[in-house]
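J.: First, the structure itself, so that you have it in front of you.
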Amino acid sequence: MLDEALALLVPADVESPVLVDCTFGAGGFTQAILAQISGARVIALDADPQAFERARTLAQRYRQRLTPVHANFAQLAEVLASLGVGSVNGIVYDLGLSSLQLADAARGFAFAGEGELDMRLDPTSDAATAAQLLATAKEGEIADIIFEFGDERNARRIARQIVRRRERSPLRTTSDLVAAVLAAQPRGAHRRGIHPATRTFLALRMAVNEDLDSLSASLEDAIACVQPGGRIAVISFHSGEDRVVKHQFAAWRRAGVAEILTRKPLSPTQTEIAANPRSRSAKLRAAQRTSENLPRSA
């Protein structure tokens, strides 16, 4: 959905836009912007130190046009202020994990392979790891996380199994967590579709990184960071993320500060899904700031 997002993000009459890529990741969006829009400047944020280093490497090729910043997108306003940037023409979010993050077993994001239960986007931060969360949270809290963020119907069974197992030995690795999830599956359950641990891993990653709170905080700042006529595009892969975006866009529209450019969220084509199965749950929404002045509630 890269082409669709770029088309929505940059109006055709803007020749030299200043854009923010809030989730640099593997660099796909930033590279496309710099390659396709000759006068564009990109400020690329990412909480992941490895993604930041990739952005720094790319910046060597696009000197003066790419500014990498090691920061969570919840710090959007703070980052722009520190750079002396008053407003930008567009802000894009491509939420979820990159393939590089999932492929690195040491990060603990994926259940395939063996790695420590870390799951922090920024492993250099002081935030609690997934292992620490599972070691200290109450059974009900674990169940709520898995159910609310993962839409996991067996959340209570999984939480109960986690607590039982940690009484014998702390859950330290991805295989420890996978074993707990598999042991919690109802007797006679048939494994169809996604792996039984998929939703639990997703839920814990979102909880560890406070994904929904960070997204909400970033969007609240984003409307003030784009100039009138500026646009905000968001690709989400989780119903909770999409709900945050949908509600925030609707609030801006009610306040008269923005118009929604996507009446319904755009979805990937079957061709794109075939090429990248992970894109099947993607939803793209975009909005454009229309007002010079912002009410305090916007």
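All residue names refer to the structure tokens as shown: chains lettered A, B, ... in order, residues numbered from 1 in each chain, ligands numbered from 1 in order.
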Given only C-alpha atoms, how would the per-residue table for region 172-233 of chain A near region 253-275 of chain A read, listing every residue at most 10 Å away with its closest atom pair and distance in Å to one decimal, sorted by chain and number, as a tab-separated table?
T.:
```
residue	atom	partner	partner_atom	distance
A:Ile223	CA	A:Ala258	CA	8.3
A:Ala224	CA	A:Val257	CA	9.8
A:Pro228	CA	A:Ala258	CA	8.8
A:Gly229	CA	A:Ala258	CA	8.9
A:Gly230	CA	A:Ala258	CA	9.5
A:Arg231	CA	A:Ala258	CA	9.1
A:Ile232	CA	A:Leu261	CA	9.6
A:Ala233	CA	A:Leu261	CA	9.3
```
J.: Just N, CA and C atoms for this one: save the residues we selected as a PDB file, in the first residue's frame.
T.:
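Okay, result.pdb is ready:
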```pdb
ATOM      1  N   ILE A 223      -1.616  16.666  14.397  1.00  0.00           N
ATOM      2  CA  ILE A 223      -2.470  17.646  13.731  1.00  0.00           C
ATOM      3  C   ILE A 223      -1.931  19.061  13.913  1.00  0.00           C
ATOM      4  N   ALA A 224      -1.213  19.294  15.012  1.00  0.00           N
ATOM      5  CA  ALA A 224      -0.606  20.605  15.236  1.00  0.00           C
ATOM      6  C   ALA A 224       0.730  20.737  14.512  1.00  0.00           C
ATOM      7  N   PRO A 228      -1.633  23.894   7.665  1.00  0.00           N
ATOM      8  CA  PRO A 228      -2.908  23.788   6.962  1.00  0.00           C
ATOM      9  C   PRO A 228      -2.685  23.281   5.538  1.00  0.00           C
ATOM     10  N   GLY A 229      -3.443  22.290   5.156  1.00  0.00           N
ATOM     11  CA  GLY A 229      -3.241  21.611   3.880  1.00  0.00           C
ATOM     12  C   GLY A 229      -2.357  20.392   4.012  1.00  0.00           C
ATOM     13  N   GLY A 230      -1.671  20.271   5.159  1.00  0.00           N
ATOM     14  CA  GLY A 230      -0.817  19.113   5.405  1.00  0.00           C
ATOM     15  C   GLY A 230      -1.627  17.863   5.697  1.00  0.00           C
ATOM     16  N   ARG A 231      -1.016  16.719   5.466  1.00  0.00           N
ATOM     17  CA  ARG A 231      -1.762  15.465   5.568  1.00  0.00           C
ATOM     18  C   ARG A 231      -1.105  14.462   6.519  1.00  0.00           C
ATOM     19  N   ILE A 232      -1.935  13.593   7.046  1.00  0.00           N
ATOM     20  CA  ILE A 232      -1.496  12.531   7.952  1.00  0.00           C
ATOM     21  C   ILE A 232      -2.040  11.216   7.410  1.00  0.00           C
ATOM     22  N   ALA A 233      -1.149  10.265   7.154  1.00  0.00           N
ATOM     23  CA  ALA A 233      -1.550   8.946   6.641  1.00  0.00           C
ATOM     24  C   ALA A 233      -1.077   7.872   7.604  1.00  0.00           C
TER      25      ALA A 233
END
```
J.: Name the residues of region 8-230 of chain A that come out as strand (DSSP E) in a backbone DSSP run; write them as a ChimeraX atom specification.
T.: /A:18-21,41-46,66-70,88-94,226-230
J.: Let me make sure I understand: among A:Ile158, A:Leu80, A:Ala207, A:Ala287, which one has the smallest atom-to-atom distance to Leu9 (chain A) if we use only C-alpha atoms?
T.: A:Ala287
J.: Rounded to one decimal, what separation in Å do you get between CA of Leu83 (chain A) and CA of Glu292 (chain A)?
T.: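 That distance, rounded to one decimal, is 22.2 Å.
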J.: Using only C-alpha atoms, determine which residues lie at most 8 Å from region 61-71 of chain A, disregarding the query and same-chain residues fewer than 2 positions distant; provide the list as a VMD selection string.
T.: chain A and resid 34 40 to 49 52 55 to 59 73 75 79
J.: Just how far from CA of Tyr93 (chain A) is CA of Ile235 (chain A), in Å to one decimal?
T.: 6.1 Å
J.: If we count only C-alpha atoms and set the cut-off at 6 Å, which residues sit around region 162-172 of chain A, ignoring sequence neighbours fewer than 4 positions away in its own chain? Please answer as a compact mmCIF listing (two decimals) with N, CA and C atoms, in the first residue's frame.
T.:
```
# COMPACT_ATOMS: atom_id res chain seq x y z
N GLU A 116 15.40 -14.43 23.94
CA GLU A 116 14.95 -13.90 25.22
C GLU A 116 13.61 -13.20 25.04
N LEU A 117 12.77 -13.24 26.06
CA LEU A 117 11.47 -12.58 26.02
C LEU A 117 11.66 -11.09 26.32
N ALA A 131 9.41 -10.57 29.62
CA ALA A 131 9.69 -11.53 30.70
C ALA A 131 9.41 -10.91 32.05
N ASP A 176 9.62 -20.73 26.08
CA ASP A 176 8.90 -20.88 27.36
C ASP A 176 7.47 -20.40 27.20
N ALA A 180 3.78 -22.52 27.17
CA ALA A 180 2.64 -22.19 28.03
C ALA A 180 1.36 -22.03 27.22
```
J.: Just the helix (DSSP H, G or I) stuff from region 41-236 of chain A, please, per backbone DSSP, written as an mmCIF file with N, CA and C atoms, in the first residue's frame.
T.:
```
data_model
loop_
_atom_site.group_PDB
_atom_site.id
_atom_site.type_symbol
_atom_site.label_atom_id
_atom_site.label_comp_id
_atom_site.auth_asym_id
_atom_site.auth_seq_id
_atom_site.Cartn_x
_atom_site.Cartn_y
_atom_site.Cartn_z
ATOM 1 N N PRO A 49 16.945 1.068 17.862
ATOM 2 C CA PRO A 49 18.304 1.517 17.525
ATOM 3 C C PRO A 49 18.816 0.948 16.205
ATOM 4 N N GLN A 50 18.429 -0.293 15.884
ATOM 5 C CA GLN A 50 18.886 -0.882 14.624
ATOM 6 C C GLN A 50 18.261 -0.172 13.422
ATOM 7 N N ALA A 51 16.993 0.199 13.539
ATOM 8 C CA ALA A 51 16.338 0.941 12.459
ATOM 9 C C ALA A 51 16.975 2.322 12.324
ATOM 10 N N PHE A 52 17.295 2.940 13.442
ATOM 11 C CA PHE A 52 17.954 4.241 13.419
ATOM 12 C C PHE A 52 19.292 4.164 12.690
ATOM 13 N N GLU A 53 20.043 3.100 12.926
ATOM 14 C CA GLU A 53 21.323 2.934 12.235
ATOM 15 C C GLU A 53 21.119 2.738 10.736
ATOM 16 N N ARG A 54 20.050 2.037 10.361
ATOM 17 C CA ARG A 54 19.753 1.893 8.927
ATOM 18 C C ARG A 54 19.423 3.248 8.319
ATOM 19 N N ALA A 55 18.705 4.063 9.076
ATOM 20 C CA ALA A 55 18.369 5.397 8.589
ATOM 21 C C ALA A 55 19.627 6.256 8.452
ATOM 22 N N ARG A 56 20.544 6.113 9.368
ATOM 23 C CA ARG A 56 21.793 6.881 9.292
ATOM 24 C C ARG A 56 22.605 6.472 8.061
ATOM 25 N N THR A 57 22.590 5.180 7.767
ATOM 26 C CA THR A 57 23.296 4.704 6.575
ATOM 27 C C THR A 57 22.671 5.280 5.307
ATOM 28 N N LEU A 58 21.341 5.266 5.249
ATOM 29 C CA LEU A 58 20.647 5.820 4.087
ATOM 30 C C LEU A 58 20.900 7.321 3.961
ATOM 31 N N ALA A 59 21.019 7.993 5.090
ATOM 32 C CA ALA A 59 21.235 9.440 5.082
ATOM 33 C C ALA A 59 22.547 9.819 4.413
ATOM 34 N N PHE A 73 7.626 7.659 18.221
ATOM 35 C CA PHE A 73 6.772 8.667 17.584
ATOM 36 C C PHE A 73 5.895 9.415 18.575
ATOM 37 N N ALA A 74 5.811 8.929 19.813
ATOM 38 C CA ALA A 74 5.108 9.691 20.842
ATOM 39 C C ALA A 74 5.837 10.997 21.147
ATOM 40 N N GLN A 75 7.097 11.097 20.734
ATOM 41 C CA GLN A 75 7.915 12.294 20.952
ATOM 42 C C GLN A 75 7.932 13.194 19.723
ATOM 43 N N LEU A 76 6.969 13.041 18.842
ATOM 44 C CA LEU A 76 6.946 13.764 17.573
ATOM 45 C C LEU A 76 7.126 15.266 17.743
ATOM 46 N N ALA A 77 6.303 15.891 18.556
ATOM 47 C CA ALA A 77 6.373 17.343 18.716
ATOM 48 C C ALA A 77 7.713 17.767 19.293
ATOM 49 N N GLU A 78 8.201 17.009 20.255
ATOM 50 C CA GLU A 78 9.489 17.313 20.886
ATOM 51 C C GLU A 78 10.623 17.224 19.866
ATOM 52 N N VAL A 79 10.590 16.210 19.013
ATOM 53 C CA VAL A 79 11.638 16.035 18.004
ATOM 54 C C VAL A 79 11.650 17.202 17.027
ATOM 55 N N LEU A 80 10.482 17.578 16.518
ATOM 56 C CA LEU A 80 10.425 18.669 15.548
ATOM 57 C C LEU A 80 10.884 19.981 16.171
ATOM 58 N N ALA A 81 10.514 20.201 17.422
ATOM 59 C CA ALA A 81 10.948 21.421 18.104
ATOM 60 C C ALA A 81 12.465 21.457 18.251
ATOM 61 N N SER A 82 13.050 20.296 18.573
ATOM 62 C CA SER A 82 14.504 20.234 18.752
ATOM 63 C C SER A 82 15.251 20.483 17.446
ATOM 64 N N SER A 99 9.821 -6.839 8.902
ATOM 65 C CA SER A 99 10.275 -8.216 8.709
ATOM 66 C C SER A 99 11.634 -8.442 9.369
ATOM 67 N N LEU A 100 12.463 -7.398 9.392
ATOM 68 C CA LEU A 100 13.784 -7.519 10.007
ATOM 69 C C LEU A 100 13.666 -7.740 11.509
ATOM 70 N N GLN A 101 12.718 -7.071 12.142
ATOM 71 C CA GLN A 101 12.522 -7.260 13.582
ATOM 72 C C GLN A 101 12.001 -8.657 13.889
ATOM 73 N N LEU A 102 11.072 -9.124 13.080
ATOM 74 C CA LEU A 102 10.521 -10.463 13.302
ATOM 75 C C LEU A 102 11.548 -11.556 13.050
ATOM 76 N N ALA A 103 12.448 -11.305 12.111
ATOM 77 C CA ALA A 103 13.439 -12.319 11.755
ATOM 78 C C ALA A 103 14.565 -12.438 12.777
ATOM 79 N N ALA A 105 15.624 -13.394 16.067
ATOM 80 C CA ALA A 105 15.130 -14.171 17.200
ATOM 81 C C ALA A 105 15.529 -13.567 18.539
ATOM 82 N N ALA A 106 16.650 -12.876 18.581
ATOM 83 C CA ALA A 106 17.145 -12.311 19.832
ATOM 84 C C ALA A 106 16.233 -11.224 20.379
ATOM 85 N N ARG A 107 15.375 -10.646 19.531
ATOM 86 C CA ARG A 107 14.495 -9.571 19.985
ATOM 87 C C ARG A 107 13.287 -10.106 20.743
ATOM 88 N N ALA A 130 9.138 -8.175 28.247
ATOM 89 C CA ALA A 130 7.990 -9.073 28.323
ATOM 90 C C ALA A 130 8.183 -10.098 29.448
ATOM 91 N N ALA A 131 9.410 -10.570 29.624
ATOM 92 C CA ALA A 131 9.693 -11.528 30.697
ATOM 93 C C ALA A 131 9.411 -10.906 32.052
ATOM 94 N N GLN A 132 9.809 -9.660 32.250
ATOM 95 C CA GLN A 132 9.564 -8.985 33.525
ATOM 96 C C GLN A 132 8.081 -8.740 33.741
ATOM 97 N N LEU A 133 7.374 -8.400 32.671
ATOM 98 C CA LEU A 133 5.928 -8.199 32.794
ATOM 99 C C LEU A 133 5.247 -9.493 33.229
ATOM 100 N N LEU A 134 5.607 -10.602 32.580
ATOM 101 C CA LEU A 134 4.984 -11.882 32.909
ATOM 102 C C LEU A 134 5.374 -12.374 34.298
ATOM 103 N N ALA A 135 6.517 -11.918 34.800
ATOM 104 C CA ALA A 135 6.973 -12.350 36.120
ATOM 105 C C ALA A 135 6.278 -11.609 37.255
ATOM 106 N N THR A 136 5.736 -10.428 36.974
ATOM 107 C CA THR A 136 5.195 -9.591 38.047
ATOM 108 C C THR A 136 3.695 -9.333 37.955
ATOM 109 N N GLU A 139 -2.476 -12.639 37.485
ATOM 110 C CA GLU A 139 -3.085 -13.494 36.462
ATOM 111 C C GLU A 139 -4.164 -12.755 35.688
ATOM 112 N N GLY A 140 -5.016 -12.002 36.400
ATOM 113 C CA GLY A 140 -6.080 -11.263 35.734
ATOM 114 C C GLY A 140 -5.548 -10.196 34.803
ATOM 115 N N GLU A 141 -4.450 -9.554 35.184
ATOM 116 C CA GLU A 141 -3.849 -8.532 34.339
ATOM 117 C C GLU A 141 -3.294 -9.141 33.059
ATOM 118 N N ILE A 142 -2.651 -10.301 33.184
ATOM 119 C CA ILE A 142 -2.118 -10.980 32.006
ATOM 120 C C ILE A 142 -3.255 -11.390 31.069
ATOM 121 N N ALA A 143 -4.321 -11.913 31.652
ATOM 122 C CA ALA A 143 -5.470 -12.323 30.840
ATOM 123 C C ALA A 143 -6.073 -11.130 30.099
ATOM 124 N N ASP A 144 -6.182 -9.997 30.787
ATOM 125 C CA ASP A 144 -6.753 -8.802 30.160
ATOM 126 C C ASP A 144 -5.890 -8.328 28.996
ATOM 127 N N ILE A 145 -4.568 -8.355 29.174
ATOM 128 C CA ILE A 145 -3.655 -7.934 28.103
ATOM 129 C C ILE A 145 -3.826 -8.817 26.875
ATOM 130 N N ILE A 146 -3.836 -10.129 27.102
ATOM 131 C CA ILE A 146 -3.911 -11.065 25.990
ATOM 132 C C ILE A 146 -5.264 -10.974 25.276
ATOM 133 N N PHE A 147 -6.318 -10.748 26.041
ATOM 134 C CA PHE A 147 -7.647 -10.659 25.445
ATOM 135 C C PHE A 147 -7.849 -9.330 24.727
ATOM 136 N N GLU A 148 -7.506 -8.225 25.395
ATOM 137 C CA GLU A 148 -7.785 -6.904 24.839
ATOM 138 C C GLU A 148 -6.890 -6.565 23.647
ATOM 139 N N PHE A 149 -5.619 -6.915 23.715
ATOM 140 C CA PHE A 149 -4.699 -6.578 22.635
ATOM 141 C C PHE A 149 -4.582 -7.676 21.582
ATOM 142 N N GLY A 150 -4.886 -8.906 21.980
ATOM 143 C CA GLY A 150 -4.725 -10.017 21.061
ATOM 144 C C GLY A 150 -6.011 -10.643 20.567
ATOM 145 N N ALA A 155 -7.605 -16.451 26.475
ATOM 146 C CA ALA A 155 -6.736 -15.581 27.270
ATOM 147 C C ALA A 155 -6.639 -16.028 28.724
ATOM 148 N N ARG A 156 -7.754 -16.381 29.331
ATOM 149 C CA ARG A 156 -7.714 -16.756 30.751
ATOM 150 C C ARG A 156 -6.979 -18.084 30.956
ATOM 151 N N ARG A 157 -7.186 -19.019 30.059
ATOM 152 C CA ARG A 157 -6.473 -20.292 30.152
ATOM 153 C C ARG A 157 -4.968 -20.086 29.998
ATOM 154 N N ILE A 158 -4.585 -19.216 29.071
ATOM 155 C CA ILE A 158 -3.167 -18.951 28.838
ATOM 156 C C ILE A 158 -2.554 -18.250 30.046
ATOM 157 N N ALA A 159 -3.256 -17.257 30.589
ATOM 158 C CA ALA A 159 -2.749 -16.543 31.760
ATOM 159 C C ALA A 159 -2.580 -17.488 32.946
ATOM 160 N N ARG A 160 -3.537 -18.392 33.118
ATOM 161 C CA ARG A 160 -3.458 -19.356 34.225
ATOM 162 C C ARG A 160 -2.249 -20.265 34.056
ATOM 163 N N GLN A 161 -1.995 -20.689 32.829
ATOM 164 C CA GLN A 161 -0.864 -21.564 32.560
ATOM 165 C C GLN A 161 0.465 -20.818 32.783
ATOM 166 N N ILE A 162 0.511 -19.556 32.395
ATOM 167 C CA ILE A 162 1.720 -18.756 32.605
ATOM 168 C C ILE A 162 2.033 -18.644 34.096
ATOM 169 N N VAL A 163 1.021 -18.357 34.890
ATOM 170 C CA VAL A 163 1.224 -18.197 36.341
ATOM 171 C C VAL A 163 1.650 -19.514 36.981
ATOM 172 N N ARG A 164 1.040 -20.600 36.572
ATOM 173 C CA ARG A 164 1.432 -21.907 37.117
ATOM 174 C C ARG A 164 2.885 -22.220 36.801
ATOM 175 N N ARG A 165 3.287 -21.949 35.586
ATOM 176 C CA ARG A 165 4.647 -22.279 35.167
ATOM 177 C C ARG A 165 5.688 -21.362 35.815
ATOM 178 N N ARG A 166 5.349 -20.089 36.007
ATOM 179 C CA ARG A 166 6.333 -19.187 36.600
ATOM 180 C C ARG A 166 6.557 -19.492 38.080
ATOM 181 N N GLU A 167 5.617 -20.193 38.703
ATOM 182 C CA GLU A 167 5.819 -20.605 40.091
ATOM 183 C C GLU A 167 6.937 -21.627 40.193
ATOM 184 N N ARG A 168 7.137 -22.398 39.126
ATOM 185 C CA ARG A 168 8.216 -23.381 39.091
ATOM 186 C C ARG A 168 9.503 -22.765 38.562
ATOM 187 N N THR A 174 11.318 -17.210 24.371
ATOM 188 C CA THR A 174 10.138 -17.322 23.528
ATOM 189 C C THR A 174 9.572 -18.739 23.560
ATOM 190 N N SER A 175 10.438 -19.726 23.651
ATOM 191 C CA SER A 175 9.953 -21.108 23.694
ATOM 192 C C SER A 175 9.223 -21.388 25.004
ATOM 193 N N ASP A 176 9.623 -20.733 26.084
ATOM 194 C CA ASP A 176 8.901 -20.883 27.356
ATOM 195 C C ASP A 176 7.470 -20.396 27.201
ATOM 196 N N LEU A 177 7.308 -19.270 26.544
ATOM 197 C CA LEU A 177 5.969 -18.715 26.364
ATOM 198 C C LEU A 177 5.153 -19.554 25.394
ATOM 199 N N VAL A 178 5.770 -20.007 24.325
ATOM 200 C CA VAL A 178 5.061 -20.865 23.367
ATOM 201 C C VAL A 178 4.567 -22.127 24.060
ATOM 202 N N ALA A 179 5.402 -22.716 24.903
ATOM 203 C CA ALA A 179 5.016 -23.939 25.616
ATOM 204 C C ALA A 179 3.812 -23.688 26.512
ATOM 205 N N ALA A 180 3.776 -22.524 27.168
ATOM 206 C CA ALA A 180 2.642 -22.187 28.033
ATOM 207 C C ALA A 180 1.363 -22.026 27.223
ATOM 208 N N VAL A 181 1.476 -21.381 26.067
ATOM 209 C CA VAL A 181 0.301 -21.178 25.216
ATOM 210 C C VAL A 181 -0.224 -22.513 24.695
ATOM 211 N N LEU A 182 0.665 -23.365 24.244
ATOM 212 C CA LEU A 182 0.245 -24.664 23.708
ATOM 213 C C LEU A 182 -0.390 -25.527 24.798
ATOM 214 N N ALA A 183 0.168 -25.460 26.015
ATOM 215 C CA ALA A 183 -0.385 -26.246 27.121
ATOM 216 C C ALA A 183 -1.773 -25.757 27.514
ATOM 217 N N THR A 198 0.316 -16.789 18.194
ATOM 218 C CA THR A 198 0.404 -15.533 17.443
ATOM 219 C C THR A 198 -0.215 -14.368 18.202
ATOM 220 N N ARG A 199 -1.437 -14.537 18.668
ATOM 221 C CA ARG A 199 -2.147 -13.427 19.312
ATOM 222 C C ARG A 199 -1.529 -13.069 20.657
ATOM 223 N N THR A 200 -1.037 -14.056 21.367
ATOM 224 C CA THR A 200 -0.408 -13.779 22.669
ATOM 225 C C THR A 200 0.871 -12.971 22.491
ATOM 226 N N PHE A 201 1.688 -13.325 21.509
ATOM 227 C CA PHE A 201 2.916 -12.578 21.251
ATOM 228 C C PHE A 201 2.594 -11.146 20.822
ATOM 229 N N LEU A 202 1.590 -10.997 19.961
ATOM 230 C CA LEU A 202 1.185 -9.657 19.524
ATOM 231 C C LEU A 202 0.741 -8.818 20.720
ATOM 232 N N ALA A 203 -0.087 -9.401 21.578
ATOM 233 C CA ALA A 203 -0.622 -8.672 22.726
ATOM 234 C C ALA A 203 0.479 -8.217 23.675
ATOM 235 N N LEU A 204 1.426 -9.104 23.955
ATOM 236 C CA LEU A 204 2.505 -8.749 24.877
ATOM 237 C C LEU A 204 3.407 -7.670 24.286
ATOM 238 N N ARG A 205 3.687 -7.764 23.001
ATOM 239 C CA ARG A 205 4.506 -6.730 22.364
ATOM 240 C C ARG A 205 3.828 -5.372 22.460
ATOM 241 N N MET A 206 2.511 -5.328 22.231
ATOM 242 C CA MET A 206 1.794 -4.069 22.305
ATOM 243 C C MET A 206 1.771 -3.525 23.724
ATOM 244 N N ALA A 207 1.646 -4.422 24.698
ATOM 245 C CA ALA A 207 1.629 -3.983 26.089
ATOM 246 C C ALA A 207 2.995 -3.476 26.533
ATOM 247 N N VAL A 208 4.045 -4.204 26.184
ATOM 248 C CA VAL A 208 5.402 -3.808 26.575
ATOM 249 C C VAL A 208 5.749 -2.430 26.033
ATOM 250 N N ASP A 211 1.856 0.520 22.835
ATOM 251 C CA ASP A 211 1.621 0.933 21.453
ATOM 252 C C ASP A 211 0.422 1.868 21.279
ATOM 253 N N LEU A 212 -0.715 1.517 21.873
ATOM 254 C CA LEU A 212 -1.914 2.314 21.649
ATOM 255 C C LEU A 212 -1.819 3.681 22.307
ATOM 256 N N ASP A 213 -1.249 3.741 23.512
ATOM 257 C CA ASP A 213 -1.079 5.034 24.187
ATOM 258 C C ASP A 213 -0.105 5.919 23.405
ATOM 259 N N SER A 214 0.978 5.312 22.901
ATOM 260 C CA SER A 214 1.957 6.082 22.136
ATOM 261 C C SER A 214 1.347 6.608 20.845
ATOM 262 N N LEU A 215 0.554 5.778 20.174
ATOM 263 C CA LEU A 215 -0.094 6.201 18.934
ATOM 264 C C LEU A 215 -1.065 7.345 19.198
ATOM 265 N N SER A 216 -1.866 7.210 20.251
ATOM 266 C CA SER A 216 -2.827 8.250 20.583
ATOM 267 C C SER A 216 -2.122 9.574 20.882
ATOM 268 N N ALA A 217 -1.051 9.500 21.660
ATOM 269 C CA ALA A 217 -0.302 10.717 22.008
ATOM 270 C C ALA A 217 0.315 11.346 20.770
ATOM 271 N N SER A 218 0.845 10.522 19.875
ATOM 272 C CA SER A 218 1.485 11.037 18.668
ATOM 273 C C SER A 218 0.472 11.702 17.744
ATOM 274 N N LEU A 219 -0.686 11.094 17.574
ATOM 275 C CA LEU A 219 -1.709 11.681 16.704
ATOM 276 C C LEU A 219 -2.220 13.009 17.254
ATOM 277 N N GLU A 220 -2.315 13.120 18.568
ATOM 278 C CA GLU A 220 -2.757 14.375 19.166
ATOM 279 C C GLU A 220 -1.800 15.509 18.809
ATOM 280 N N ASP A 221 -0.512 15.189 18.737
ATOM 281 C CA ASP A 221 0.485 16.193 18.355
ATOM 282 C C ASP A 221 0.540 16.393 16.838
ATOM 283 N N ALA A 222 0.257 15.340 16.089
ATOM 284 C CA ALA A 222 0.448 15.381 14.634
ATOM 285 C C ALA A 222 -0.376 16.469 13.969
ATOM 286 N N ILE A 223 -1.616 16.666 14.397
ATOM 287 C CA ILE A 223 -2.470 17.646 13.731
ATOM 288 C C ILE A 223 -1.931 19.061 13.913
ATOM 289 N N ALA A 224 -1.213 19.294 15.012
ATOM 290 C CA ALA A 224 -0.606 20.605 15.236
ATOM 291 C C ALA A 224 0.730 20.737 14.512
ATOM 292 N N CYS A 225 1.328 19.615 14.150
ATOM 293 C CA CYS A 225 2.646 19.627 13.499
ATOM 294 C C CYS A 225 2.562 19.763 11.988
#
```
J.: Can you tell me how far CA of Ala250 (chain A) sits from CA of Thr290 (chain A), in Å to one decimal?
T.: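 Between these atoms lies a distance of 13.6 Å.
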J.: Of the residues A:Asn89, A:Thr23, A:Ser38, A:Thr173, which is the one nearest to Gly113 (chain A), using only C-alpha atoms?
T.: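 Of all the options, A:Thr173 lies closest to Gly113 (chain A).
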